[in-house]
Structure formats: structure tokens, C-alpha cells
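J.: Structure supplied as run11.txt; contents: compact mmCIF, C-alpha atoms.
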# COMPACT_ATOMS: atom_id res chain seq x y z
CA MET A 1 -21.57 8.59 -3.66
CA ALA A 2 -21.41 6.65 -6.92
CA TYR A 3 -20.14 7.23 -10.45
CA LEU A 4 -21.96 6.35 -13.63
CA ILE A 5 -19.24 5.28 -16.08
CA SER A 6 -20.30 5.49 -19.74
CA LYS A 7 -18.75 3.96 -22.85
CA PRO A 8 -16.89 6.50 -25.06
CA SER A 9 -18.63 7.61 -28.23
CA VAL A 10 -15.36 7.26 -30.15
CA SER A 11 -12.43 4.86 -29.89
CA PRO A 12 -10.57 5.61 -26.64
CA SER A 13 -7.01 6.85 -27.08
CA GLY A 14 -4.47 9.32 -25.76
CA ARG A 15 -1.35 9.85 -23.69
CA ILE A 16 -2.12 8.61 -20.19
CA ILE A 17 -0.34 9.92 -17.11
CA LEU A 18 0.16 6.98 -14.78
CA PRO A 19 0.94 7.23 -11.08
CA SER A 20 4.43 6.36 -9.91
CA SER A 21 4.96 2.92 -8.44
CA LYS A 22 3.83 2.97 -4.82
CA SER A 23 5.63 -0.33 -4.22
CA ILE A 24 8.95 1.24 -5.16
CA SER A 25 8.12 4.54 -3.46
CA ASN A 26 7.26 2.99 -0.11
CA ARG A 27 10.38 0.83 -0.08
CA LEU A 28 12.57 3.82 -0.91
CA LEU A 29 11.02 5.88 1.88
CA ILE A 30 12.02 3.21 4.43
CA ILE A 31 15.50 2.69 2.99
CA ASP A 32 16.10 6.43 2.82
CA ALA A 33 14.90 6.86 6.41
CA LEU A 34 17.33 4.13 7.50
CA THR A 35 20.20 6.06 5.86
CA GLY A 36 19.24 9.25 7.65
CA SER A 37 16.95 10.71 4.99
CA GLY A 38 19.82 12.10 2.94
CA GLY A 39 18.74 10.89 -0.48
CA VAL A 40 16.85 12.71 -3.24
CA LEU A 41 13.74 10.79 -4.24
CA ASN A 42 12.16 11.99 -7.47
CA ASN A 43 8.69 11.17 -8.80
CA LEU A 44 7.44 9.57 -5.59
CA ALA A 45 3.90 8.23 -5.79
CA GLU A 46 1.10 10.56 -4.69
CA SER A 47 -1.13 7.66 -3.65
CA ASP A 48 -2.75 7.47 -0.23
CA ASP A 49 -0.45 4.61 0.74
CA THR A 50 2.69 6.62 0.05
CA LEU A 51 1.34 9.81 1.63
CA LEU A 52 0.43 7.85 4.78
CA MET A 53 3.94 6.37 4.88
CA LYS A 54 5.54 9.81 4.53
CA ARG A 55 3.26 11.29 7.19
CA ALA A 56 4.06 8.50 9.66
CA LEU A 57 7.79 8.94 9.13
CA GLN A 58 7.66 12.72 9.44
CA THR A 59 5.21 13.23 12.29
CA ARG A 60 6.58 13.52 15.81
CA ASN A 61 3.39 12.16 17.32
CA MET A 62 3.74 8.94 19.27
CA GLU A 63 0.73 7.44 17.47
CA LYS A 64 1.27 6.65 13.81
CA ASN A 65 -1.83 5.85 11.77
CA THR A 66 -1.27 3.95 8.52
CA GLY A 67 -4.95 3.91 7.57
CA PRO A 68 -5.61 1.05 5.10
CA ALA A 69 -2.01 0.97 3.83
CA GLY A 70 -0.66 -2.56 4.24
CA THR A 71 2.89 -1.78 3.13
CA ALA A 72 3.08 1.14 5.55
CA MET A 73 1.89 -0.99 8.49
CA ARG A 74 4.28 -3.88 7.78
CA PHE A 75 7.34 -1.82 6.81
CA LEU A 76 6.97 0.64 9.70
CA THR A 77 6.57 -2.19 12.22
CA ALA A 78 10.08 -3.41 11.39
CA PHE A 79 11.46 0.10 10.98
CA TYR A 80 10.36 1.29 14.43
CA ALA A 81 11.25 -2.02 16.09
CA ALA A 82 14.86 -1.47 14.99
CA GLY A 83 14.84 2.24 15.86
CA ASN A 84 15.07 4.30 19.01
CA GLN A 85 11.51 5.59 19.41
CA GLU A 86 8.45 4.41 21.28
CA VAL A 87 5.40 4.48 19.03
CA ILE A 88 1.87 3.18 18.72
CA LEU A 89 1.18 1.89 15.22
CA THR A 90 -2.47 1.68 14.23
CA GLY A 91 -4.63 1.72 11.11
CA SER A 92 -8.12 1.47 9.66
CA GLU A 93 -10.70 -1.04 10.92
CA ARG A 94 -9.85 -3.34 8.00
CA MET A 95 -6.13 -3.03 8.86
CA LYS A 96 -6.89 -4.18 12.40
CA LYS A 97 -8.19 -7.42 10.87
CA ARG A 98 -5.16 -8.06 8.67
CA PRO A 99 -2.67 -10.45 10.33
CA ILE A 100 0.75 -9.25 11.38
CA GLY A 101 1.68 -11.93 13.93
CA GLU A 102 4.25 -13.67 11.71
CA LEU A 103 6.23 -10.44 11.31
CA VAL A 104 5.93 -9.45 14.98
CA GLY A 105 7.02 -12.94 16.04
CA ALA A 106 10.12 -12.75 13.84
CA LEU A 107 11.05 -9.34 15.20
CA VAL A 108 10.55 -10.46 18.80
CA LYS A 109 12.98 -13.34 18.17
CA MET A 110 15.55 -10.70 17.28
CA GLY A 111 14.92 -8.84 20.53
CA ALA A 112 12.13 -6.44 19.54
CA ASP A 113 9.81 -5.03 22.19
CA ILE A 114 6.34 -5.16 20.63
CA SER A 115 2.98 -5.64 22.34
CA TYR A 116 -0.55 -5.95 20.96
CA LEU A 117 -3.05 -3.31 22.03
CA GLY A 118 -6.03 -5.27 20.73
CA GLU A 119 -6.47 -8.79 19.42
CA PRO A 120 -3.20 -10.77 19.51
CA GLY A 121 -1.70 -11.16 16.06
CA PHE A 122 -3.27 -7.97 14.69
CA PRO A 123 -2.72 -4.19 14.90
CA PRO A 124 -2.65 -1.85 16.72
CA LEU A 125 0.87 -2.32 18.12
CA LYS A 126 2.96 -0.64 20.78
CA ILE A 127 6.61 -0.67 19.73
CA ARG A 128 9.59 0.32 21.86
CA GLY A 129 12.55 0.63 19.51
CA ARG A 130 15.80 -1.03 20.47
CA THR A 131 18.96 -2.54 19.01
CA LEU A 132 18.07 -5.86 17.38
CA LYS A 133 20.32 -8.88 17.01
CA GLY A 134 20.03 -10.77 13.75
CA GLY A 135 21.62 -14.05 12.75
CA SER A 136 19.58 -17.03 11.53
CA LEU A 137 15.81 -16.72 11.35
CA SER A 138 13.00 -18.75 9.76
CA VAL A 139 9.75 -17.22 8.52
CA ASP A 140 6.67 -18.50 6.70
CA GLY A 141 6.90 -17.27 3.13
CA SER A 142 3.29 -18.16 2.28
CA ILE A 143 1.55 -15.35 4.19
CA SER A 144 2.84 -12.03 2.84
CA SER A 145 5.95 -10.95 0.97
CA GLN A 146 5.59 -7.60 2.76
CA PHE A 147 6.62 -9.31 6.02
CA ILE A 148 9.78 -10.57 4.37
CA SER A 149 10.56 -7.24 2.70
CA ALA A 150 10.10 -5.48 6.04
CA LEU A 151 12.71 -7.74 7.64
CA LEU A 152 15.09 -7.50 4.71
CA MET A 153 15.16 -3.70 4.64
CA ILE A 154 16.26 -3.40 8.28
CA ALA A 155 18.74 -6.30 7.99
CA PRO A 156 21.87 -4.24 7.14
CA MET A 157 21.22 -2.04 10.18
CA ILE A 158 20.94 -4.81 12.80
CA LYS A 159 23.74 -6.63 14.60
CA ASN A 160 25.06 -9.65 12.66
CA GLY A 161 22.82 -8.91 9.68
CA LEU A 162 20.26 -11.55 8.77
CA ASP A 163 20.28 -15.08 7.40
CA LEU A 164 16.65 -15.63 6.49
CA GLU A 165 15.16 -19.05 5.76
CA LEU A 166 11.88 -18.95 3.85
CA GLN A 167 9.59 -21.83 4.74
CA GLY A 168 6.60 -23.08 2.79
CA GLU A 169 5.35 -21.78 -0.52
CA LEU A 170 6.78 -18.35 -1.29
CA VAL A 171 4.20 -15.81 -2.49
CA SER A 172 4.88 -12.65 -4.48
CA ALA A 173 8.60 -13.37 -4.89
CA SER A 174 8.82 -10.55 -7.44
CA TYR A 175 8.23 -8.02 -4.64
CA ILE A 176 11.08 -9.55 -2.63
CA ARG A 177 13.38 -9.23 -5.66
CA MET A 178 12.28 -5.61 -5.98
CA THR A 179 13.18 -4.98 -2.33
CA LEU A 180 16.59 -6.62 -2.64
CA GLU A 181 17.46 -4.80 -5.86
CA LEU A 182 16.57 -1.42 -4.36
CA MET A 183 18.64 -2.29 -1.27
CA ARG A 184 21.59 -3.22 -3.53
CA GLN A 185 21.35 0.09 -5.37
CA TRP A 186 21.52 1.85 -2.01
CA GLY A 187 24.69 0.01 -0.95
CA ALA A 188 23.48 -3.17 0.79
CA GLU A 189 24.78 -6.62 -0.10
CA TYR A 190 22.78 -9.82 -0.37
CA ALA A 191 22.92 -13.43 -1.52
CA TRP A 192 19.78 -15.42 -2.38
CA LYS A 193 20.12 -19.14 -2.95
CA ASP A 194 17.18 -21.55 -2.91
CA ASN A 195 15.10 -20.65 0.16
CA ARG A 196 17.77 -18.65 2.02
CA ILE A 197 18.55 -14.95 1.80
CA ASN A 198 21.69 -13.68 3.51
CA ILE A 199 22.27 -9.98 4.18
CA PRO A 200 25.43 -9.01 6.07
CA GLU A 201 25.54 -6.18 8.59
CA GLY A 202 26.48 -2.96 6.85
CA ARG A 203 25.04 0.40 5.99
CA TYR A 204 23.08 2.12 3.28
CA GLN A 205 24.51 4.94 1.16
CA SER A 206 22.36 7.93 0.28
CA ARG A 207 21.67 8.49 -3.40
CA SER A 208 19.20 10.04 -5.83
CA TYR A 209 16.52 7.94 -7.47
CA THR A 210 13.67 8.51 -9.91
CA VAL A 211 10.66 6.22 -9.44
CA GLU A 212 9.21 4.57 -12.56
CA SER A 213 5.51 4.53 -13.41
CA ASP A 214 3.24 1.86 -11.99
CA TRP A 215 2.64 -1.26 -14.11
CA SER A 216 -0.30 -2.23 -11.87
CA ALA A 217 -2.03 1.03 -12.82
CA ALA A 218 -1.16 0.44 -16.48
CA SER A 219 -3.07 -2.86 -16.34
CA TYR A 220 -6.42 -1.04 -16.38
CA TRP A 221 -5.53 0.62 -19.68
CA TYR A 222 -4.60 -2.79 -21.03
CA ALA A 223 -8.06 -3.96 -19.92
CA ILE A 224 -9.72 -1.07 -21.74
CA THR A 225 -7.70 -1.79 -24.87
CA ALA A 226 -8.67 -5.48 -24.76
CA LEU A 227 -12.41 -4.72 -24.42
CA ALA A 228 -12.59 -1.89 -26.96
CA ASP A 229 -13.17 -2.52 -30.66
CA LYS A 230 -10.29 -0.16 -31.30
CA ALA A 231 -8.00 1.66 -28.84
CA SER A 232 -4.50 3.07 -28.55
CA PHE A 233 -2.68 4.59 -25.57
CA GLU A 234 0.78 5.93 -24.82
CA LEU A 235 1.89 5.14 -21.27
CA PRO A 236 5.07 7.08 -20.39
CA GLY A 237 7.43 6.02 -17.63
CA LEU A 238 7.13 2.25 -18.17
CA PHE A 239 10.11 0.13 -19.13
CA LYS A 240 10.67 -3.43 -20.30
CA ASN A 241 13.43 -4.09 -17.76
CA SER A 242 11.31 -3.14 -14.77
CA LEU A 243 11.69 -3.94 -11.08
CA GLN A 244 7.93 -4.54 -10.93
CA GLY A 245 6.56 -8.06 -11.22
CA ASP A 246 3.34 -6.63 -12.67
CA ALA A 247 5.25 -5.76 -15.85
CA VAL A 248 4.13 -9.26 -16.92
CA VAL A 249 0.81 -7.59 -17.76
CA SER A 250 2.10 -6.93 -21.28
CA GLU A 251 2.66 -10.66 -21.79
CA LEU A 252 -0.72 -11.59 -20.33
CA PHE A 253 -2.65 -9.17 -22.51
CA SER A 254 -0.75 -10.17 -25.63
CA LYS A 255 -2.96 -13.29 -25.42
CA LEU A 256 -5.97 -10.96 -25.62
CA ALA A 257 -4.86 -9.21 -28.83
CA VAL A 258 -3.24 -6.23 -27.11
CA LYS A 259 0.06 -5.19 -28.69
CA THR A 260 2.82 -3.51 -26.64
CA GLU A 261 5.49 -1.37 -28.30
CA TYR A 262 8.42 -0.28 -26.13
CA LEU A 263 9.42 3.31 -26.82
CA GLN A 264 12.27 5.40 -25.45
CA GLU A 265 10.07 7.08 -22.84
CA GLY A 266 7.47 4.40 -22.19
CA VAL A 267 5.13 2.07 -24.07
CA ARG A 268 2.38 2.28 -26.66
CA ILE A 269 -0.45 -0.24 -26.47
CA SER A 270 -3.07 -0.89 -29.13
CA ARG A 271 -5.79 -3.32 -30.08
CA ASN A 272 -4.63 -5.85 -32.66
CA ALA A 273 -7.74 -6.24 -34.80
CA ASP A 274 -6.38 -9.41 -36.42
CA GLY A 275 -5.27 -11.00 -33.16
CA LYS A 276 -6.88 -14.23 -32.06
CA THR A 277 -7.89 -14.84 -28.46
CA PRO A 278 -7.99 -18.22 -26.69
CA GLU A 279 -11.08 -19.99 -25.39
CA PHE A 280 -9.37 -20.80 -22.08
CA ILE A 281 -6.52 -19.29 -20.02
CA GLN A 282 -4.67 -20.87 -17.12
CA PHE A 283 -2.16 -18.86 -15.12
CA ASP A 284 -0.34 -18.86 -11.78
CA PHE A 285 -0.50 -15.39 -10.20
CA THR A 286 1.91 -16.12 -7.35
CA LEU A 287 4.32 -13.45 -8.63
CA CYS A 288 1.68 -10.86 -9.56
CA PRO A 289 -1.52 -11.28 -7.47
CA ASP A 290 -2.63 -7.65 -7.98
CA LEU A 291 -3.34 -8.42 -11.63
CA VAL A 292 -6.08 -10.95 -10.86
CA GLN A 293 -8.75 -8.29 -10.46
CA THR A 294 -7.77 -6.70 -13.76
CA LEU A 295 -7.91 -9.92 -15.78
CA VAL A 296 -11.03 -11.54 -14.35
CA PRO A 297 -13.70 -9.00 -15.52
CA VAL A 298 -12.01 -8.74 -18.93
CA LEU A 299 -12.04 -12.49 -19.48
CA CYS A 300 -15.66 -12.86 -18.36
CA ALA A 301 -16.77 -10.01 -20.62
CA SER A 302 -14.82 -11.58 -23.49
CA GLY A 303 -16.31 -15.04 -22.91
CA ILE A 304 -12.92 -16.57 -22.16
CA LYS A 305 -12.90 -19.31 -19.53
CA PHE A 306 -10.07 -19.40 -17.01
CA HIS A 307 -8.48 -21.18 -14.07
CA PHE A 308 -6.20 -19.05 -11.87
CA THR A 309 -3.94 -20.22 -9.06
CA GLY A 310 -1.47 -18.33 -6.86
CA THR A 311 -4.39 -16.40 -5.40
CA ARG A 312 -4.18 -17.16 -1.66
CA THR A 313 -2.97 -13.68 -0.68
CA LEU A 314 -6.16 -12.19 -2.17
CA LEU A 315 -8.00 -13.29 0.97
CA ILE A 316 -6.11 -10.83 3.17
CA LYS A 317 -5.83 -7.76 0.97
CA GLU A 318 -7.96 -4.61 1.38
CA THR A 319 -10.88 -7.02 1.26
CA ASN A 320 -11.36 -10.71 0.51
CA ARG A 321 -10.84 -10.16 -3.20
CA ILE A 322 -11.95 -13.62 -4.28
CA PHE A 323 -15.31 -13.20 -2.55
CA ALA A 324 -15.64 -9.64 -3.87
CA LEU A 325 -14.99 -10.71 -7.47
CA GLN A 326 -17.47 -13.58 -7.21
CA ARG A 327 -20.21 -11.45 -5.70
CA GLU A 328 -19.86 -8.46 -8.02
CA LEU A 329 -19.44 -10.41 -11.25
CA LYS A 330 -22.53 -12.45 -10.42
CA LYS A 331 -24.47 -9.20 -10.77
CA PHE A 332 -23.42 -9.23 -14.42
CA GLY A 333 -24.40 -12.88 -14.85
CA TYR A 334 -20.96 -14.47 -14.46
CA ASN A 335 -20.80 -17.33 -11.95
CA LEU A 336 -17.25 -17.82 -10.66
CA LYS A 337 -15.93 -20.54 -8.39
CA GLY A 338 -13.15 -20.06 -5.89
CA GLY A 339 -11.37 -22.10 -3.26
CA ARG A 340 -12.33 -21.20 0.30
CA ASP A 341 -8.62 -21.28 1.10
CA GLY A 342 -7.92 -18.92 -1.79
CA SER A 343 -6.07 -21.58 -3.76
CA PHE A 344 -7.89 -20.93 -7.03
CA LEU A 345 -10.41 -18.81 -8.89
CA GLU A 346 -12.09 -20.05 -12.06
CA TRP A 347 -14.90 -19.48 -14.54
CA SER A 348 -16.21 -22.37 -16.63
CA GLY A 349 -18.43 -20.17 -18.75
CA GLU A 350 -21.46 -20.57 -16.46
CA VAL A 351 -23.83 -17.62 -16.69
CA SER A 352 -27.07 -16.58 -15.04
CA ARG A 353 -29.50 -13.68 -15.29
CA LYS A 354 -27.92 -10.24 -15.03
CA ASP A 355 -29.04 -7.99 -12.18
CA PRO A 356 -30.63 -4.94 -13.91
CA ASP A 357 -29.55 -2.75 -10.97
CA GLY A 358 -26.06 -4.23 -10.77
CA ILE A 359 -24.24 -1.54 -8.83
CA VAL A 360 -20.61 -2.45 -8.18
CA GLU A 361 -19.59 -2.41 -4.53
CA THR A 362 -15.91 -1.61 -3.99
CA TYR A 363 -15.45 -2.94 -0.43
CA HIS A 364 -13.03 -0.05 0.29
CA ASP A 365 -10.74 -1.64 -2.30
CA HIS A 366 -9.21 0.62 -4.95
CA ARG A 367 -8.63 -2.25 -7.38
CA MET A 368 -12.30 -3.25 -7.40
CA ALA A 369 -13.27 0.19 -8.70
CA MET A 370 -10.55 0.38 -11.34
CA ALA A 371 -10.95 -3.21 -12.54
CA PHE A 372 -14.72 -2.98 -13.06
CA ALA A 373 -14.86 0.42 -14.78
CA PRO A 374 -13.75 -1.01 -18.17
CA LEU A 375 -16.88 -3.22 -18.21
CA CYS A 376 -18.82 -0.21 -19.50
CA LEU A 377 -17.26 -1.03 -22.87
CA LYS A 378 -19.39 -4.20 -22.93
CA PHE A 379 -22.50 -3.05 -21.08
CA GLY A 380 -22.60 0.60 -22.19
CA LYS A 381 -22.86 1.95 -18.66
CA ILE A 382 -21.81 0.78 -15.21
CA VAL A 383 -22.33 2.23 -11.71
CA ILE A 384 -19.51 2.08 -9.17
CA LYS A 385 -20.03 2.97 -5.50
CA ASP A 386 -17.44 4.79 -3.40
CA PRO A 387 -15.29 5.67 -6.43
CA GLU A 388 -12.96 7.79 -4.31
CA VAL A 389 -11.24 4.59 -3.11
CA VAL A 390 -8.93 4.89 -6.13
CA THR A 391 -6.91 7.53 -4.26
CA LYS A 392 -5.18 4.67 -2.47
CA SER A 393 -3.04 4.04 -5.55
CA TYR A 394 -4.25 6.08 -8.56
CA PRO A 395 -5.78 9.44 -7.54
CA ALA A 396 -6.15 10.66 -11.15
CA TYR A 397 -7.82 7.50 -12.49
CA TRP A 398 -11.28 8.98 -13.10
CA SER A 399 -9.95 12.20 -14.61
CA GLU A 400 -7.71 10.21 -16.94
CA LEU A 401 -10.67 8.04 -17.99
CA LYS A 402 -12.68 11.18 -18.73
CA ARG A 403 -9.81 12.62 -20.75
CA ALA A 404 -9.74 9.38 -22.77
CA GLY A 405 -13.40 9.89 -23.72
CA PHE A 406 -15.33 8.00 -21.02
CA GLY A 407 -18.37 9.58 -19.40
CA ILE A 408 -17.95 10.06 -15.62
CA ASP A 409 -21.09 11.35 -13.88
CA GLU A 410 -21.69 11.57 -10.15
CA ILE A 411 -25.02 10.14 -9.07
Could the structure of this file be written out as C-alpha cells, please?
T.:
Amino acid sequence: MAYLISKPSVSPSGRIILPSSKSISNRLLIIDALTGSGGVLNNLAESDDTLLMKRALQTRNMEKNTGPAGTAMRFLTAFYAAGNQEVILTGSERMKKRPIGELVGALVKMGADISYLGEPGFPPLKIRGRTLKGGSLSVDGSISSQFISALLMIAPMIKNGLDLELQGELVSASYIRMTLELMRQWGAEYAWKDNRINIPEGRYQSRSYTVESDWSAASYWYAITALADKASFELPGLFKNSLQGDAVVSELFSKLAVKTEYLQEGVRISRNADGKTPEFIQFDFTLCPDLVQTLVPVLCASGIKFHFTGTRTLLIKETNRIFALQRELKKFGYNLKGGRDGSFLEWSGEVSRKDPDGIVETYHDHRMAMAFAPLCLKFGKIVIKDPEVVTKSYPAYWSELKRAGFGIDEI
């Protein structure tokens, strides 16, 4: 299946209902489960990732399938390792190719009983829960912040707590801060100095919590606003003092003449007709890698050259996102360069002939679909294959686009 996305006939505008933050939701589900599931969690995300996490936690089956949900796979690996159940943790074919050896190795050092059922270093896993012993532990911080968050969340529940040394370049530190702040609000203690995080043995306290809207999802409306001649949207549930690192999207798009007004219940964004845009943008996405896919098509379509770093984790997401961006944008005549090790992604302004049948492949990656849809504002129409992938994080994306005036036709 594919969708033909058409440019609105009038300036796009409206009150947009964003999904709740799946990053916050999935962390809260683990923390709440560690307390005994006594909390009241309001406005949990309805994304596939969160639903898969809830299903895995609630089902009594020995086999837990996380599908393509990376946070569910990583967080549940630590959760069940420190529990009292025997489970088999598996996922989609892509998930079976995403590395988990660094996390498993760290857990085994604490006494976990985990074995690989396929290729060593990758899911599926057989986990026999047992009491873990913490203390001092070193992990590579350059692979995935989800590994670190998984260890941190179980730390108060294991003997001696955890004194974690982060080695190498730390990626996505904003997600680690999110994890620690949620843990603190649920009664855990922590100290983070330089490359060491210390969490004493303790216990969580049940509480109620309302999840804020997702800044990552908001980024696509920023992209639309940047590419439109005129646009205005209200995005409820977003706040300036957010736990989400992707809240930096408002700062990034301010460079592209998008104005953000913070209201009592959310934000209003609009196109600043008098705003000037730069010829070149350089940015380090180490703290917000999920925003790369949003920015890249917008900058190419706007003729703005760029050099992005902090992109290494894009190689091991739902797909190799650097390769996917290069291949799909080439169909529109934009020739990007990227480091084979994921160290950078750039566009020098080099263009080639546009593919007249340029159908966007999504590679089973929700962000590819959502990031490319706004390009219809430049090209009039755009075709996106497998559009249903957006259910991973933003199930209502297409219906919200249609409500904002875009044409959405199944072909």
C-alpha cells in the first residue's frame, strides 16, 4: 500500500492532537512495574512501542515479543534479568539484527542468567530472573543510551545499588537525564558527576503521573510550518521545561523562520514571513538524534546546506537512517554524503536529476514516512510506501495531516 500526499489548497493550520511521549511512557511502565504496578499513569502513549511494552509486561506467556520496539527490548531485558521469571524475549527480524551484547554483558557481570537463542550479541534471549548484585560497573556509552537507561532503572532494586562508569563518547545523554529525573520523581536517589552515575539501593514509591505530549512528533509540524508559505498550528501538551531532549526542536526551527509561542496549555507555532534563513547550518545531534530525519528533508527542500554530527546511533535504529536518507533524497535530486561509521551527514548543495517516479521507501521506519510527507509542500505531491509504519509512534499522523488540509489518498 502507498499514500499519495498532496499539498493543501489553503495555508495549513489548526489545533493538532499530538501523541504522548513514548519515551516517557515506556520508562514509566518499567518503573511502575518495579514498584508493583501501584501507580496511576495518565495519558500513556498509544504508539505500537508502548502497546508492545504493556503487552509484554501483562502477558503470562513465557515468550515476550517486542516486535520492532527497541526501548521495549532493552528495558525488558534488564527488567526480567532482575526479576523472578523465566522468559524468552524476542522481536521482529530487524530487532534480531540490532545489537544488545553490551547490555547483556553488563547484566551478566551483575549475576544475570541470560543466553542467546540465535546469533551471539543479538536477540532473541532466554532470561532466567534472579537477584542481581550491583556495585561498580563500566559500560560503553557510545552505543545506545537505552542500554544505560535499562541498567539505571533496575539499579535501586538490586543489591548494593549501582555505581556506573560511562566510557567513551556518551550518546543521547538527554534520554539518560530523562530516565534519572523520572526515577527521582518516583523516589529513587542518584548522583551524576562527570562520567559516573551512582544510584544507591532503595525502593520506588508509587505515584500518579500525567505524560506530556511528544516533542519528536511535534517536529513534523515544525517541518510543515517551515516549508509552507504561511502556516500556524496549536500543539497542546508541550512545555518549555520538558524532560524531552527533542524540545530543542523549537530552537532549531527558529533558524528556519518558525516562531514558537509558549501558552498555558501548549505551544503555538507559525511561519515568520519576515524571518531570514541561513545558507548553511552545522549542528551536533548527539542529544537529539531522532530530529535528524525531520531536519534533513526540510533543509534540502529549502536549499540550505548543512553538516550534521552526533549521528552514529542512526546506523542501528529501525533502519540505517543515514543510508535511507541518502537513498530517498537522491530520488528528489539531493545528493547527500555521510560517514560510513555514521559520524556525519552533510549536503553541500549538490543536486542531480529528480526521479519522476520517486516513491519514498520507508524501510519499516516510522520517522522516514513522517519526515518525508512535508516535502509535498515543495513538490505538490509525494508518494510514500507502507504508510502504516507511523503507528509505531504516531498512529493519528495521517488523519491529523488530512484535518490540517493535506490530501491523503490510498493508491
J.: For Gly407 in chain A, list every protein, DNA or RNA residue within 6 Å, evaluated using only C-alpha atoms, and leave out those in the same chain fewer than 3 positions away; present the list as a PyMOL selection string.
T.: chain A and resi 5-6+402
J.: Name the residues within 8 Å of (-6.0, -6.5, 4.5), counting only C-alpha atoms in the file's coordinates, and put them as a ChimeraX atom specification.
T.: /A:68,70,94-95,97-99,315-320
J.: Which neighbours of Gly310 in chain A fall inside 10 Å, counting all atoms listed in the file, when residues of the same chain fewer than 6 positions from it are skipped, and could you give them as a short mmCIF file (atom, residue, chain, number, x, y, z; two decimals) with C-alpha atoms, keeping the file's coordinate frame?
T.:
data_model
loop_
_atom_site.label_atom_id
_atom_site.label_comp_id
_atom_site.auth_asym_id
_atom_site.auth_seq_id
_atom_site.Cartn_x
_atom_site.Cartn_y
_atom_site.Cartn_z
CA GLU A 169 5.35 -21.78 -0.52
CA LEU A 170 6.78 -18.35 -1.29
CA VAL A 171 4.20 -15.81 -2.49
CA SER A 172 4.88 -12.65 -4.48
CA PHE A 283 -2.16 -18.86 -15.12
CA ASP A 284 -0.34 -18.86 -11.78
CA PHE A 285 -0.50 -15.39 -10.20
CA THR A 286 1.91 -16.12 -7.35
CA LEU A 287 4.32 -13.45 -8.63
CA CYS A 288 1.68 -10.86 -9.56
CA PRO A 289 -1.52 -11.28 -7.47
CA VAL A 292 -6.08 -10.95 -10.86
CA GLY A 342 -7.92 -18.92 -1.79
CA SER A 343 -6.07 -21.58 -3.76
CA PHE A 344 -7.89 -20.93 -7.03
CA LEU A 345 -10.41 -18.81 -8.89
#
J.: Residues around (22.6, -8.2, 16.5), cut-off 10 Å, counting all atoms listed in the file - what are they as JSON, numbers by chain?
T.: {"A": [110, 111, 131, 132, 133, 134, 135, 155, 157, 158, 159, 160, 161, 162, 201]}
J.: Quick one: everything within 7 Å of Leu166 in chain A, counting only C-alpha atoms, minus sequence neighbours fewer than 2 positions away in the same chain. Send it as a count of residues only.
T.: 8
J.: Tell me which of A:Pro374, A:Pro356, A:Gly129, A:Gly36 sits closest to Thr77 in chain A, counting all atoms listed in the file.
T.: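 Once distances to Thr77 in chain A are computed over all atoms listed in the file, the minimum belongs to A:Gly129.
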J.: With a distance cut-off of 10 Å and all atoms listed in the file, select the neighbouring residues of Gly91 in chain A, excluding the residue or stretch itself and same-chain residues fewer than 5 positions from it, and output the selection as number ranges by chain.
T.: A: 64-70, 72-73, 96-97, 123-125
J.: So, with all atoms listed in the file as the atoms that count, which of A:Ser136, A:Ser302, A:Gln244, A:Thr362 lies closest to Met1 in chain A?
T.: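 Under the stated criterion, the closest residue is A:Thr362.
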J.: Using only C-alpha atoms, can you tell me which of A:Lys331, A:Lys240, A:Arg403, A:Arg268 comes closest to Gly358 in chain A?
T.: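 The closest residue to Gly358 in chain A is A:Lys331.
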J.: For Glu400 in chain A, which of A:Met153, A:Ala218, A:Ile304, A:Leu29 is the closest residue, counting all atoms listed in the file?
T.: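 Nearest to Glu400 in chain A: A:Ala218.
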J.: Could you name the residues that touch Met62 in chain A at 7 Å or less, counting all atoms listed in the file, but leaving out those on the same chain fewer than 3 positions away, as JSON, numbers by chain?
T.: {"A": [86, 87, 88]}
J.: Could you work out how far CA of Val248 in chain A lies from CA of Ile143 in chain A, giving the answer in Å with one decimal?
T.: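 CA of Val248 in chain A lies at a distance of 22.1 Å from CA of Ile143 in chain A.
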J.: Could you work out how far CA of Ser213 in chain A lies from CA of Thr391 in chain A, giving the answer in Å with one decimal?
T.: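 Computing the Euclidean distance for CA of Thr391 in chain A and CA of Ser213 in chain A yields 15.7 Å.
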J.: Restricting the calculation to only C-alpha atoms: of A:Ser399, A:Gln264, A:Ser11, A:Gln58, which residue gets closest to Pro387 in chain A?
T.: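 For Pro387 in chain A, the nearest of the given residues is A:Ser399.
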J.: May I ask which of the residues A:Gln326, A:Ser216, A:Gln293, A:Asn335 is the closest one to Ser20 in chain A, counting all atoms listed in the file?
T.: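 Answer, going by the shortest atom-to-atom distance: A:Ser216.
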J.: Could you give me the centre and size, in Å to one decimal, of an axis-aligned box around all listed atoms of range 25-38 of chain A with 4 Å added on every side, as JSON?
T.:
{"center_x": 13.7, "center_y": 6.5, "center_z": 2.1, "size_x": 20.9, "size_y": 19.3, "size_z": 19.1}
J.: Work out how far apart CA of Ser250 in chain A and CA of Tyr397 in chain A are and give it in Å to one decimal.
T.: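 Taking CA of Ser250 in chain A as the start and CA of Tyr397 in chain A as the end point, the length is 19.6 Å.
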